[in-house]
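*Asks:* Below: one structure in structure tokens.
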Amino acid sequence: MSAMPINSTNAIDAAAFVVLFNRPFTEKEESKLLSLKETFKDELPDFSRTTKITLKQEAGKLPEQIVQESGLKLQKFEPSGKIGWVLNVIENQIIVTCQSYDRWNKVWDQTNRYFHSALKLLNLESLAVQACVLQYVDRFTEKSTSTYNVHEVFGKKAPYLTSKSVVSGKLWHVHQGWFDEKSADEKILNVLNLGTNEDSGKIITTIDHSLQLQFLPKPKPAKKFFDSKKEYEKTFLFLHEANKKVVKSLLNQKQCKAVGLV
């Protein structure tokens with residue numbers, strides 16, 4: 001097997017967890033959220049503010065750009081220079097990104113801690129959850145560019161490849177999306193981007209899968225959603241399992257074994 005997962009136990013390069021609310025955070029909430037800088041000063045020491053650009057328009061005048069600080073980003077760099085964890089709060093979203101993925105339980109415990117540290121600073125009684133998003137980026141490396149074979153990573157009956165991508169040689173991409181229905185009021189938007197690129201004499205195969213569970217037309221009251229710990233955790237666990245099914249359907253048997261899917 002010439003193509004190998006980027007890690008010893010999985011192929012996950014990054015995982016992102018997102019909660020999308022029904023309104024932007026207020027100035028009061030944003031002020032409280034800035035206290036996260038002190039809370040995580042040791043484990044997420046790199047702090048920055050994000051900016052929001054709006055246009056102010058008045059009759060007879062050119063539009064004026066208004067730049068405002070909005071939200072925050074806390075992150076940690078690993079000794080290698082790679083980003084390990086990021087907590088990003090902006091507009092109406094809380095985003096936790098892990099780029100040092102180990103196992104689900106370990107990553108979820110850390111993610112959950114970051115989420116709840118931010119959630120307790122929000123007025124949950126006036127918020128509702130519109131969607132929860134889970135995104136995984138899996139990568140495989142192939143040392144030889146001259147002997148590339150798409151089936152070193154993907155199964156011969158992988159449902160999300162096209163006939164053209166299979167015969168296109170070492171560089172190709174397929175981007176696609178679809179909806180699954182979880183219930184009458186809960187739909188899952190899947191965005192799946194597959195492809196390869198060449199880097200330092202190696203072929204990198206990427207599987208980028210995002211799942212957005214939408215609570216429409218009725219967003220879920222935030223306080224109940226998060227107080228009921230099982231509902232909140234089950235939502236992300238459901239998305240996690242759904243991602244595993246898609247990835248398992250893509251990979252050949254050897255790669256499934258290499259990343260612990262069999």
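Identifiers in this document derive from the order of the structure tokens: chains are assigned A, B, ..., residues are numbered from 1 separately in each chain, and ligands are numbered from 1 in order of occurrence.
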Please report as a tab-separated table every residue of segment 177-256 of chain A lying within 8 Å of segment 115-127 of chain A, along with the nearest atom pair and their distance in Å (one decimal), using only C-alpha atoms.

*Replies:*
```
residue	atom	partner	partner_atom	distance
A:Pro221	CA	A:Leu127	CA	6.4
A:Ala222	CA	A:Leu124	CA	5.4
A:Lys223	CA	A:Leu124	CA	5.0
```

*Asks:* Using the selection just defined, write its residues with N, CA, C and O atoms as a compact mmCIF listing (two decimals), in the first residue's frame.

*Replies:*
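Result file follows (part-v8.txt):
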```txt
# COMPACT_ATOMS: atom_id res chain seq x y z
N PRO A 221 -34.64 26.11 20.92
CA PRO A 221 -34.29 27.03 22.01
C PRO A 221 -32.96 26.63 22.63
O PRO A 221 -32.77 25.48 23.04
N ALA A 222 -32.03 27.57 22.70
CA ALA A 222 -30.65 27.25 23.08
C ALA A 222 -30.52 26.73 24.50
O ALA A 222 -29.78 25.77 24.75
N LYS A 223 -31.22 27.35 25.43
CA LYS A 223 -31.08 26.93 26.83
C LYS A 223 -31.47 25.47 27.01
O LYS A 223 -30.76 24.68 27.64
```

*Asks:* Please identify the strand (DSSP E or B) residues within segment 134-186 of chain A (assignment by DSSP from backbone atoms) and present them as a ChimeraX atom specification.

*Replies:* /A:134-142,154,173-183,186

*Asks:* Neighbouring residues of segment 99-109 of chain A were defined as those with any atom within 7 Å, considering only C-alpha atoms; residues of the same chain fewer than 6 positions away were excluded. Please report them as number ranges by chain.

*Replies:* A: 12-15, 83-85

*Asks:* Write out as a PyMOL selection string all residues of segment 8-256 of chain A that backbone DSSP assigns to helix (DSSP H, G or I).

*Replies:* chain A and resi 27-33+36-39+104-119+124-126+150-152+163-166+222-227+229-250+253-256

*Asks:* Just to confirm, what's the straight-line distance from atom CA of Asn92 of chain A to atom CA of Glu69 of chain A in Å (one decimal)?

*Replies:*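 Straight-line distance from atom CA of Asn92 of chain A to atom CA of Glu69 of chain A works out to 14.1 Å.
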
*Asks:* Could you state the separation of atom CA of Tyr114 of chain A and atom CA of Arg23 of chain A in Å, given to one decimal place?

*Replies:*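 Answer for the atom CA of Tyr114 of chain A to atom CA of Arg23 of chain A separation: 20.4 Å.
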
*Asks:* Atom CA of Asn190 of chain A to atom CA of Leu251 of chain A: how many Å, to one decimal?

*Replies:*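 Taking atom CA of Asn190 of chain A and atom CA of Leu251 of chain A, their separation equals 17.8 Å.
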